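Student: Have a peek at model.txt (compact mmCIF, C-alpha atoms and all ligand atoms).
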# COMPACT_ATOMS: atom_id res chain seq x y z
CA MET A 1 1.61 -14.82 -21.74
CA SER A 2 4.93 -14.79 -19.95
CA THR A 3 5.88 -17.30 -17.35
CA PRO A 4 5.41 -15.96 -13.86
CA GLY A 5 9.04 -15.95 -12.89
CA THR A 6 8.62 -13.89 -9.76
CA ILE A 7 6.04 -16.19 -8.28
CA THR A 8 7.61 -18.50 -5.76
CA ALA A 9 8.18 -21.93 -7.10
CA SER A 10 6.46 -23.64 -4.20
CA HIS A 11 3.07 -22.36 -5.29
CA PRO A 12 2.98 -21.63 -8.99
CA PRO A 13 -0.13 -19.73 -10.00
CA GLY A 14 -2.84 -21.43 -11.93
CA THR A 15 -1.85 -24.92 -10.95
CA ARG A 16 -3.39 -25.00 -7.52
CA ALA A 17 -6.37 -27.20 -6.93
CA PRO A 18 -8.94 -25.78 -4.55
CA GLY A 19 -7.36 -26.17 -1.20
CA ARG A 20 -4.94 -24.27 0.90
CA PRO A 21 -3.76 -20.98 -0.48
CA PRO A 22 -0.07 -20.20 -0.67
CA GLY A 23 1.68 -18.86 2.33
CA ARG A 24 2.27 -19.70 5.91
CA SER A 25 0.71 -22.70 7.46
CA GLN A 26 -1.51 -22.19 10.45
CA ALA A 27 1.26 -20.77 12.63
CA SER A 28 -0.20 -17.40 13.39
CA PRO A 29 -3.26 -16.58 15.45
CA PRO A 30 -5.95 -14.56 13.77
CA LEU A 31 -5.55 -10.81 13.95
CA SER A 32 -8.91 -10.20 15.49
CA THR A 33 -11.70 -12.32 16.75
CA SER A 34 -14.37 -10.77 14.60
CA THR A 35 -17.17 -13.07 13.65
CA THR A 36 -19.18 -12.95 10.50
CA SER A 37 -21.92 -11.02 12.23
CA ARG A 38 -19.62 -8.20 13.23
CA PRO A 39 -18.84 -5.56 10.62
CA PRO A 40 -15.32 -4.38 10.01
CA GLY A 41 -14.40 -0.89 11.01
CA ARG A 42 -12.09 1.37 12.86
CA SER A 43 -13.69 0.64 16.18
CA GLN A 44 -12.70 -2.95 15.81
CA ALA A 45 -9.42 -2.73 14.01
CA SER A 46 -7.50 0.13 15.45
CA SER A 47 -9.26 2.58 17.70
CA THR A 48 -8.61 1.30 21.20
CA PRO A 49 -5.10 1.35 22.68
CA ALA A 50 -5.36 -2.38 23.33
CA ALA A 51 -6.29 -3.07 19.71
CA ARG A 52 -3.42 -0.91 18.48
CA ALA A 53 -0.99 -2.67 20.81
CA ALA A 54 -2.20 -6.04 19.55
CA LEU A 55 -1.69 -4.90 15.97
CA ALA A 56 1.79 -3.61 16.68
CA GLY A 57 2.64 -6.90 18.40
CA ARG A 58 1.29 -8.84 15.45
CA SER A 59 3.40 -6.75 13.05
CA THR A 60 6.50 -7.43 15.15
CA ALA A 61 5.83 -11.18 15.04
CA ILE A 62 5.32 -11.02 11.27
CA GLU A 63 8.58 -9.12 10.84
CA ALA A 64 10.40 -11.93 12.65
CA GLU A 65 8.68 -14.50 10.43
CA LEU A 66 9.57 -12.45 7.35
CA ARG A 67 13.23 -12.69 8.22
CA ARG A 68 12.95 -16.41 8.98
CA ALA A 69 10.90 -17.54 5.99
CA PRO A 70 10.41 -14.68 3.51
CA GLN A 71 9.34 -17.02 0.73
CA SER A 72 6.19 -17.95 2.64
CA PHE A 73 4.80 -14.46 2.13
CA ARG A 74 3.00 -13.08 -0.84
CA ILE A 75 2.65 -9.36 -0.37
CA LEU A 76 0.34 -6.94 -2.17
CA THR A 77 0.68 -3.18 -1.88
CA GLY A 78 -0.52 -0.46 -4.16
CA ASP A 79 -1.31 3.14 -4.87
CA ARG A 80 -4.00 5.05 -6.63
CA PRO A 81 -2.48 6.72 -9.70
CA THR A 82 -3.73 10.22 -8.93
CA GLY A 83 -0.41 12.06 -9.26
CA PRO A 84 3.31 11.79 -8.73
CA LEU A 85 4.50 10.04 -5.58
CA HIS A 86 6.04 12.20 -2.87
CA LEU A 87 8.47 11.81 0.00
CA GLY A 88 5.69 10.59 2.28
CA HIS A 89 5.17 7.66 -0.07
CA TYR A 90 8.89 7.14 -0.48
CA PHE A 91 9.67 6.85 3.23
CA GLY A 92 6.27 5.46 4.23
CA SER A 93 5.89 2.72 1.65
CA LEU A 94 8.31 2.58 -1.30
CA GLN A 95 11.38 1.91 0.85
CA ASN A 96 9.45 -0.76 2.70
CA ARG A 97 8.48 -2.48 -0.56
CA VAL A 98 12.09 -2.58 -1.61
CA ARG A 99 13.07 -3.95 1.78
CA LEU A 100 10.46 -6.73 1.55
CA GLN A 101 11.55 -7.56 -1.99
CA ASP A 102 15.17 -7.72 -0.91
CA LEU A 103 14.28 -9.98 2.02
CA GLY A 104 13.04 -12.45 -0.58
CA ALA A 105 9.27 -12.17 -0.22
CA ASP A 106 7.05 -12.40 -3.28
CA VAL A 107 5.97 -8.77 -3.75
CA LEU A 108 3.24 -7.47 -6.03
CA VAL A 109 2.67 -3.76 -6.51
CA LEU A 110 -0.70 -2.65 -7.77
CA VAL A 111 -1.36 0.47 -9.77
CA ALA A 112 -4.96 0.87 -8.65
CA ASP A 113 -6.28 2.65 -11.73
CA TYR A 114 -9.90 1.61 -11.20
CA GLN A 115 -9.76 3.29 -7.79
CA VAL A 116 -9.09 6.59 -9.54
CA ILE A 117 -12.53 6.60 -11.11
CA THR A 118 -14.26 6.25 -7.76
CA ASP A 119 -14.30 10.03 -7.51
CA ARG A 120 -13.17 11.49 -10.84
CA ASP A 121 -13.02 10.84 -14.58
CA ALA A 122 -10.09 8.80 -15.81
CA GLY A 123 -9.10 11.48 -18.29
CA ALA A 124 -6.57 11.35 -21.10
CA GLY A 125 -3.69 11.97 -18.71
CA LEU A 126 -4.16 8.76 -16.73
CA ALA A 127 -1.72 6.66 -18.79
CA ALA A 128 1.08 9.13 -18.12
CA VAL A 129 0.34 9.13 -14.39
CA VAL A 130 0.33 5.33 -14.38
CA LEU A 131 3.70 5.11 -16.11
CA ASP A 132 5.10 7.78 -13.76
CA LEU A 133 4.02 5.59 -10.87
CA VAL A 134 5.87 2.64 -12.39
CA ALA A 135 8.94 4.86 -12.77
CA ASP A 136 8.71 5.98 -9.12
CA ASN A 137 8.59 2.38 -7.94
CA LEU A 138 11.47 1.24 -10.11
CA ALA A 139 13.60 4.27 -9.24
CA ALA A 140 13.12 3.51 -5.55
CA GLY A 141 14.67 0.10 -6.12
CA LEU A 142 11.93 -2.34 -7.12
CA ASP A 143 13.28 -4.90 -9.54
CA PRO A 144 10.79 -6.05 -12.19
CA ALA A 145 12.55 -9.41 -12.39
CA ARG A 146 11.53 -10.09 -8.79
CA THR A 147 8.55 -7.84 -8.13
CA THR A 148 5.33 -7.80 -10.13
CA ILE A 149 3.93 -4.36 -10.96
CA PHE A 150 0.46 -4.41 -12.50
CA ALA A 151 -2.65 -2.34 -13.11
CA HIS A 152 -5.92 -3.86 -12.02
CA SER A 153 -7.90 -2.63 -15.02
CA GLN A 154 -5.77 -5.07 -17.05
CA VAL A 155 -6.58 -8.14 -14.95
CA SER A 156 -10.10 -9.31 -15.83
CA ALA A 157 -10.18 -12.26 -13.45
CA LEU A 158 -9.42 -9.99 -10.51
CA ASN A 159 -12.34 -7.75 -11.35
CA GLN A 160 -14.70 -10.66 -11.85
CA LEU A 161 -14.05 -11.83 -8.29
CA MET A 162 -15.75 -8.71 -7.04
CA LEU A 163 -19.19 -10.17 -7.93
CA PRO A 164 -19.18 -13.20 -5.63
CA PHE A 165 -17.51 -11.08 -2.97
CA LEU A 166 -20.27 -8.48 -3.10
CA SER A 167 -22.77 -11.25 -2.51
CA LEU A 168 -21.11 -12.07 0.81
CA LEU A 169 -21.71 -8.64 2.34
CA SER A 170 -24.71 -6.56 3.21
CA VAL A 171 -25.15 -2.99 2.04
CA ALA A 172 -25.13 -1.90 5.69
CA GLU A 173 -21.77 -3.55 6.31
CA VAL A 174 -20.11 -1.94 3.34
CA GLY A 175 -21.62 1.38 4.42
CA ARG A 176 -19.97 1.06 7.83
CA ASN A 177 -16.46 1.12 6.31
CA PRO A 178 -14.93 4.33 7.71
CA THR A 179 -13.59 5.60 4.38
CA VAL A 180 -16.89 4.95 2.64
CA LYS A 181 -18.69 6.62 5.54
CA GLU A 182 -16.46 9.69 5.34
CA GLU A 183 -16.94 9.97 1.60
CA PHE A 184 -20.64 9.55 2.08
CA SER A 185 -20.86 12.41 4.55
CA ALA A 186 -18.51 14.57 2.46
CA SER A 187 -20.30 14.13 -0.87
CA GLY A 188 -23.72 12.77 0.03
CA ALA A 189 -25.56 9.83 -1.45
CA ALA A 190 -26.47 11.64 -4.64
CA ALA A 191 -22.91 12.64 -5.53
CA MET A 192 -20.94 9.60 -4.40
CA SER A 193 -20.39 7.00 -7.10
CA ALA A 194 -21.51 3.45 -6.49
CA LEU A 195 -17.94 2.38 -7.25
CA MET A 196 -16.77 4.52 -4.34
CA PHE A 197 -19.31 2.74 -2.19
CA THR A 198 -17.96 -0.67 -3.13
CA TYR A 199 -14.28 0.17 -3.46
CA PRO A 200 -13.17 -1.61 -0.25
CA VAL A 201 -14.70 -4.76 -1.73
CA HIS A 202 -12.74 -4.19 -4.91
CA GLN A 203 -9.62 -3.84 -2.80
CA ALA A 204 -10.44 -7.20 -1.22
CA ALA A 205 -10.61 -8.63 -4.74
CA ASP A 206 -7.14 -7.19 -5.44
CA ILE A 207 -5.75 -8.91 -2.40
CA LEU A 208 -7.53 -12.24 -2.65
CA ALA A 209 -7.14 -12.58 -6.44
CA CYS A 210 -3.39 -12.56 -5.83
CA ARG A 211 -3.77 -14.84 -2.79
CA ALA A 212 -1.70 -12.32 -0.90
CA ASN A 213 -1.27 -13.11 2.78
CA LEU A 214 0.31 -9.83 3.83
CA VAL A 215 -0.75 -6.27 3.06
CA PRO A 216 1.50 -3.39 4.15
CA VAL A 217 -0.82 -0.52 4.96
CA GLY A 218 -1.27 2.67 6.88
CA MET A 219 -3.82 2.93 9.68
CA ASP A 220 -6.45 4.36 7.34
CA GLN A 221 -6.43 1.17 5.26
CA LEU A 222 -6.82 -1.26 8.16
CA PRO A 223 -10.61 -1.49 7.84
CA HIS A 224 -10.17 -2.58 4.22
CA VAL A 225 -7.90 -5.43 5.25
CA GLU A 226 -10.38 -6.34 7.95
CA LEU A 227 -13.15 -6.44 5.34
CA THR A 228 -10.94 -8.65 3.18
CA ARG A 229 -10.53 -11.03 6.09
CA THR A 230 -14.29 -11.13 6.53
CA ILE A 231 -14.82 -11.91 2.86
CA ALA A 232 -12.18 -14.64 2.96
CA ARG A 233 -13.77 -16.27 5.99
CA ARG A 234 -17.28 -16.06 4.61
CA PHE A 235 -16.24 -17.45 1.26
CA ASN A 236 -14.55 -20.34 3.01
CA GLN A 237 -17.57 -21.00 5.21
CA ARG A 238 -19.99 -20.92 2.34
CA TYR A 239 -18.06 -22.62 -0.44
CA SER A 240 -15.15 -24.48 1.10
CA PRO A 241 -16.15 -25.45 4.64
CA GLN A 242 -13.89 -28.51 4.82
CA GLN A 243 -10.70 -26.79 3.86
CA GLU A 244 -9.72 -23.13 4.09
CA PHE A 245 -9.42 -21.75 0.57
CA PHE A 246 -8.68 -18.06 1.04
CA GLN A 247 -6.15 -17.33 3.74
CA PRO A 248 -7.31 -14.18 5.57
CA PRO A 249 -4.45 -11.74 4.99
CA ASP A 250 -2.64 -9.85 7.72
CA PRO A 251 -2.00 -6.13 7.61
CA LEU A 252 1.59 -5.05 8.17
CA LEU A 253 1.88 -1.68 9.84
CA GLY A 254 4.87 0.44 8.90
CA SER A 255 7.44 1.44 11.48
CA VAL A 256 8.31 4.82 9.97
CA PRO A 257 6.45 7.72 11.59
CA LEU A 258 4.15 9.64 9.28
CA LEU A 259 5.78 12.50 7.38
CA LEU A 260 3.77 15.69 7.41
CA GLY A 261 3.44 18.08 4.50
CA LEU A 262 5.07 21.49 4.28
CA ASP A 263 2.08 23.07 6.04
CA GLY A 264 2.11 20.64 8.95
CA GLN A 265 -0.94 18.73 7.65
CA LYS A 266 -0.77 15.17 6.33
CA MET A 267 1.43 15.11 3.22
CA SER A 268 -0.91 14.61 0.31
CA LYS A 269 -0.99 14.99 -3.44
CA SER A 270 -4.21 16.93 -3.25
CA ARG A 271 -3.17 19.38 -0.52
CA ALA A 272 -0.28 20.89 -2.53
CA ASN A 273 1.97 20.44 0.51
CA ALA A 274 4.13 17.59 -0.75
CA ILE A 275 7.68 17.29 -2.04
CA PRO A 276 7.46 15.10 -5.13
CA LEU A 277 10.01 12.32 -5.35
CA ALA A 278 10.79 13.59 -8.86
CA ALA A 279 11.29 17.25 -7.83
CA THR A 280 14.59 18.81 -8.87
CA GLU A 281 17.13 19.87 -6.25
CA ASP A 282 16.16 23.52 -6.76
CA GLU A 283 12.45 22.76 -6.44
CA THR A 284 13.19 20.81 -3.29
CA ALA A 285 15.10 23.78 -1.83
CA ARG A 286 12.29 26.16 -2.75
CA LEU A 287 9.58 23.94 -1.31
CA LEU A 288 11.46 23.41 1.94
CA ARG A 289 12.19 27.14 2.30
CA GLY A 290 8.43 27.63 2.33
CA ALA A 291 7.85 24.98 5.00
CA ARG A 292 6.09 26.07 8.15
CA THR A 293 8.20 26.16 11.32
CA ASP A 294 7.95 28.06 14.59
CA ALA A 295 9.62 31.07 16.18
CA GLN A 296 11.89 29.22 18.60
CA ARG A 297 15.54 29.44 17.65
CA HIS A 298 16.64 26.27 19.38
CA ILE A 299 15.87 23.20 17.28
CA SER A 300 14.56 20.13 19.09
CA TYR A 301 12.74 16.93 18.18
CA GLU A 302 9.39 17.18 19.95
CA PRO A 303 6.71 15.84 17.60
CA ALA A 304 3.81 16.55 19.96
CA ARG A 305 4.81 20.09 20.96
CA ARG A 306 6.53 21.28 17.75
CA PRO A 307 5.12 19.13 14.92
CA GLU A 308 6.37 21.25 12.00
CA VAL A 309 9.93 21.55 13.28
CA ALA A 310 10.00 17.90 14.30
CA ASN A 311 8.82 16.94 10.83
CA LEU A 312 11.75 18.64 9.12
CA VAL A 313 14.12 17.08 11.64
CA LEU A 314 12.57 13.69 10.91
CA LEU A 315 12.90 14.20 7.17
CA ALA A 316 16.61 15.02 7.50
CA ALA A 317 17.11 12.10 9.89
CA LEU A 318 15.40 9.60 7.56
CA CYS A 319 17.65 10.74 4.72
CA GLN A 320 20.76 10.55 6.85
CA GLY A 321 19.80 7.26 8.49
CA ARG A 322 20.27 8.79 11.94
CA ALA A 323 18.16 9.37 15.04
CA PRO A 324 16.06 12.56 14.85
CA ALA A 325 17.22 13.72 18.30
CA ASP A 326 20.86 13.64 17.14
CA VAL A 327 20.09 15.65 14.04
CA ALA A 328 18.21 18.23 16.14
CA ALA A 329 21.06 18.48 18.66
CA GLU A 330 23.53 19.10 15.88
CA ILE A 331 21.50 22.02 14.54
CA GLY A 332 21.03 23.33 18.06
CA ARG A 333 20.58 27.13 17.99
CA GLY A 334 20.86 27.29 14.20
CA GLY A 335 17.16 28.08 13.95
CA ALA A 336 14.68 27.37 11.19
CA ALA A 337 16.96 28.60 8.41
CA ARG A 338 19.69 26.14 9.32
CA LEU A 339 17.12 23.37 9.81
CA LYS A 340 15.72 23.95 6.32
CA ALA A 341 19.18 24.03 4.80
CA VAL A 342 20.08 20.74 6.49
CA ALA A 343 16.81 19.15 5.42
CA THR A 344 17.27 20.29 1.83
CA GLU A 345 20.82 19.05 1.63
CA SER A 346 19.88 15.72 3.21
CA VAL A 347 16.95 15.12 0.87
CA ASN A 348 18.88 16.09 -2.23
CA GLU A 349 21.87 14.01 -1.27
CA HIS A 350 19.86 10.94 -0.36
CA LEU A 351 17.65 11.10 -3.43
CA ARG A 352 20.34 11.95 -5.97
CA PRO A 353 20.78 8.37 -7.26
CA VAL A 354 17.02 7.69 -7.07
CA ARG A 355 16.23 10.81 -9.05
CA ALA A 356 18.93 10.11 -11.62
CA ARG A 357 17.47 6.63 -12.16
CA ARG A 358 14.02 8.09 -12.33
CA ARG A 359 15.00 10.58 -15.04
CA GLU A 360 16.46 7.76 -17.14
CA LEU A 361 13.36 5.63 -16.67
CA ALA A 362 10.99 8.50 -17.47
CA ALA A 363 12.79 8.99 -20.76
CA ASP A 364 12.14 5.37 -21.73
CA ARG A 365 8.36 5.02 -21.90
CA PRO A 366 8.51 1.81 -23.97
CA TYR A 367 10.50 0.18 -21.18
CA LEU A 368 8.00 1.27 -18.52
CA GLN A 369 5.18 -0.07 -20.68
CA ALA A 370 7.00 -3.36 -21.11
CA VAL A 371 7.48 -3.68 -17.34
CA LEU A 372 3.81 -3.04 -16.76
CA ARG A 373 2.65 -5.44 -19.49
CA ASP A 374 4.84 -8.17 -18.10
CA GLY A 375 3.48 -7.49 -14.61
CA ASN A 376 -0.09 -7.50 -15.94
CA ASP A 377 0.52 -10.91 -17.51
CA LYS A 378 1.93 -12.35 -14.31
CA ALA A 379 -0.91 -10.95 -12.20
CA ALA A 380 -3.46 -12.20 -14.74
CA ALA A 381 -2.01 -15.73 -14.54
CA LEU A 382 -2.30 -15.58 -10.79
CA ALA A 383 -5.84 -14.18 -10.75
CA GLU A 384 -7.04 -16.62 -13.40
CA GLY A 385 -5.80 -19.48 -11.26
CA THR A 386 -7.73 -18.11 -8.31
CA LEU A 387 -10.87 -17.57 -10.38
CA ARG A 388 -10.68 -21.10 -11.73
CA CYS A 389 -10.64 -22.47 -8.18
CA VAL A 390 -13.44 -20.13 -7.12
CA ARG A 391 -15.61 -21.34 -10.00
CA GLU A 392 -15.04 -24.93 -9.03
CA LEU A 393 -15.83 -24.25 -5.39
CA MET A 394 -18.97 -22.34 -6.36
CA HIS A 395 -20.02 -25.07 -8.82
CA THR A 396 -20.14 -22.56 -11.64
CA THR A 397 -18.20 -24.71 -14.09
CA TYR A 398 -20.28 -25.95 -17.01
N1 LIG A 401 -6.51 2.03 -1.44
C1 LIG A 401 -5.08 2.07 -1.52
C2 LIG A 401 -4.65 3.53 -1.38
O1 LIG A 401 -5.45 4.43 -1.54
C3 LIG A 401 -4.53 1.50 -2.81
C4 LIG A 401 -4.87 0.06 -2.97
C5 LIG A 401 -5.78 -0.48 -3.84
C6 LIG A 401 -4.31 -1.05 -2.28
N2 LIG A 401 -5.82 -1.81 -3.73
C7 LIG A 401 -4.92 -2.21 -2.80
C8 LIG A 401 -3.35 -1.17 -1.29
C9 LIG A 401 -4.60 -3.48 -2.32
C10 LIG A 401 -3.04 -2.44 -0.80
C11 LIG A 401 -3.67 -3.58 -1.32
O2 LIG A 401 -3.49 3.77 -1.14
Would you write out, as structure tokens, the structure that this file holds?

Tutor:
Amino acid sequence: MSTPGTITASHPPGTRAPGRPPGRSQASPPLSTSTTSRPPGRSQASSTPAARAALAGRSTAIEAELRRAPQSFRILTGDRPTGPLHLGHYFGSLQNRVRLQDLGADVLVLVADYQVITDRDAGAGLAAVVLDLVADNLAAGLDPARTTIFAHSQVSALNQLMLPFLSLLSVAEVGRNPTVKEEFSASGAAAMSALMFTYPVHQAADILACRANLVPVGMDQLPHVELTRTIARRFNQRYSPQQEFFQPPDPLLGSVPLLLGLDGQKMSKSRANAIPLAATEDETARLLRGARTDAQRHISYEPARRPEVANLVLLAALCQGRAPADVAAEIGRGGAARLKAVATESVNEHLRPVRARRRELAADRPYLQAVLRDGNDKAAALAEGTLRCVRELMHTTY
């Protein structure tokens, strides 16, 4: 097993006695005041304007702390390997991962392969999708010498933590998780897998196995972080009442507005409305030519009134590193054709080096496998350290 070089020296994995987890000291107030009798959920985490404002404020405070003391953060993010990553991922999360890495935080990126089988068979193609995901992350700028990329099916200790965690929750509580609830009403109890039912708990195991204290997420994942916080608190209450063992992690909300797909709906692998990061320049041009716009000739940036047009303006602006309103003003009366041409050129220009790197990486499967194996080893060392402490705290050491 390799030495965990990316893990900050102040809290090497596997050496920690039960006690305080790595990360910030008590500086920050808890995100919410939920008690153990209150289930997590959208209503609590993000639905009211006041709750959203509190979250945004909390994220601003964390950003300041990240710049001040980046090494006090261990950050876990991840994706389900269900297909190639697209520009929504690139601007919404990949760039942010690279930024956090470059700030000096300890970043772990999870390839959540066990989350794939919540609603489909793994299939023979999964390995290729997993390695493509590694290539996407590296091409975007993640450095395997600093950032740990791993797949959770390869980290036994992480998966074992799910059992004690499940014991800390009631079936009703898990069933109140908004994603689980949506899946339940979409597929019904007979068709939904039991792994789908428990997947937010598995996600909590991902986070707590790594002792991550910060989880960059979109709004839809907030209830999962809230559930993780509940599990951390309950574990502490039950098994480590004198001294906090698991630090309840904070979510970190992104600052980039959501990119829509080519049809104006949320950009998504399954909706066939995405521009893959790995698309060629010609494919990008073709996809953007087919993007929905409106009949007004004058181009403006009005996300609420003209979402499709605003989305293309935003895409061009993100690539150019400029304000969307300026990009729109420059196009002026150029109409949709000019807008699409500008967006295409901006995307292709901005992504040229990323795509070139990605092509090189994709041609070197053994390298991608080596990166992943090394990441798996580092994550396993971390998770085994956590599990060792958990066993001691639970008195299951014989
Ligand atoms: N559920 C996340 C998604 O669908 C992926 C994920 C799994 C994750 N485990 C995680 C994200 C832990 C952050 C932390 O995108």

Student: Can you pull out every residue with an atom within 8 Å of ligand LIG 401 (chain A)? Use only C-alpha atoms and all ligand atoms and format it as an MDAnalysis selection string.

Tutor: chainID A and resid 76:80 110:112 115 200 202:204 206:207 215:217 221

Student: Give me the residues near A:Ile331 as a list in words, where near means some atom within 12 Å (using only C-alpha atoms) and where sequence neighbours in that chain fewer than 4 positions away do not count.

Tutor: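 Final neighbour list, sorted by chain and number: Arg297, His298, Ile299, Ser300, Tyr301, Val309, Leu312, Val313, Ala316, Ala317, Pro324, Ala325, Asp326, Val327, Gly335, Ala336, Ala337, Arg338, Leu339, Lys340, Ala341, Val342 and Ala343 of chain A.
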
Student: May I ask for the distance between atom CA of A:Asp102 and atom CA of A:Leu382, given in Å to one decimal place?

Tutor: 21.6 Å

Student: Can you tell me how far atom CA of A:Arg355 sits from atom CA of A:Arg67, in Å to one decimal?

Tutor: 29.3 Å

Student: Just to confirm, what's the straight-line distance from atom CA of A:Ala278 to atom CA of A:Ala139 in Å (one decimal)?

Tutor: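 Taking atom CA of A:Ala278 and atom CA of A:Ala139, their separation equals 9.7 Å.
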
Student: Residues proximal to (9.3, 28.2, 4.1) were defined as those with any atom within 10 Å of that point in the file's coordinates, counting all atoms listed in the file. Which are they, as a PyMOL selection string?

Tutor: chain A and resi 262-263+285-293+336-337+340

Student: For A:Thr60, find every residue with an atom within 12 Å (counting all atoms listed in the file), except residues of its own chain fewer than 4 positions away, and show them as a compact mmCIF listing (two decimals) with C-alpha atoms, in the coordinates of the input.

Tutor:
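Output below, filename part.txt:
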# COMPACT_ATOMS: atom_id res chain seq x y z
CA ALA A 53 -0.99 -2.67 20.81
CA ALA A 54 -2.20 -6.04 19.55
CA LEU A 55 -1.69 -4.90 15.97
CA ALA A 56 1.79 -3.61 16.68
CA ALA A 64 10.40 -11.93 12.65
CA GLU A 65 8.68 -14.50 10.43
CA LEU A 66 9.57 -12.45 7.35
CA ARG A 67 13.23 -12.69 8.22
CA PRO A 251 -2.00 -6.13 7.61
CA LEU A 252 1.59 -5.05 8.17
CA LEU A 253 1.88 -1.68 9.84
CA GLY A 254 4.87 0.44 8.90
CA SER A 255 7.44 1.44 11.48

Student: Write out as a list in words each polymer residue whose atoms come within 10 Å of A:Asn348, counting only C-alpha atoms; drop sequence neighbours fewer than 2 positions from it.

Tutor: Ala279, Thr280, Glu281, Asp282, Thr284, Ala285, Cys319, Val342, Ala343, Thr344, Glu345, Ser346, His350, Leu351, Arg352, Pro353, Val354 and Arg355 of chain A

Student: Ranking A:Ile231, A:Leu315, A:Ala190, A:Ala209 by minimum distance to A:Ser167 and counting only C-alpha atoms, which one comes first?

Tutor: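 For A:Ser167, the nearest of the given residues is A:Ile231.
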
Student: At a cut-off of 12 Å, using all atoms listed in the file, what residues contact A:Ala370? Leave out same-chain residues fewer than 2 positions from it and give the result as a VMD selection string.

Tutor: chain A and resid 2 131 134 to 135 144 to 145 148 to 150 361 364 to 368 372 to 377

Student: Just want the 9 Å neighbourhood of A:Val107, counted on only C-alpha atoms, with same-chain residues fewer than 6 positions away dropped. Output as a list of chain:residue names.

Tutor: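 The filter keeps A:Thr6, A:Ile7, A:Phe73, A:Arg74, A:Ile75, A:Leu76, A:Thr77, A:Arg97, A:Val98, A:Leu100, A:Gln101, A:Arg146, A:Thr147, A:Thr148, A:Ile149, A:Ala212.
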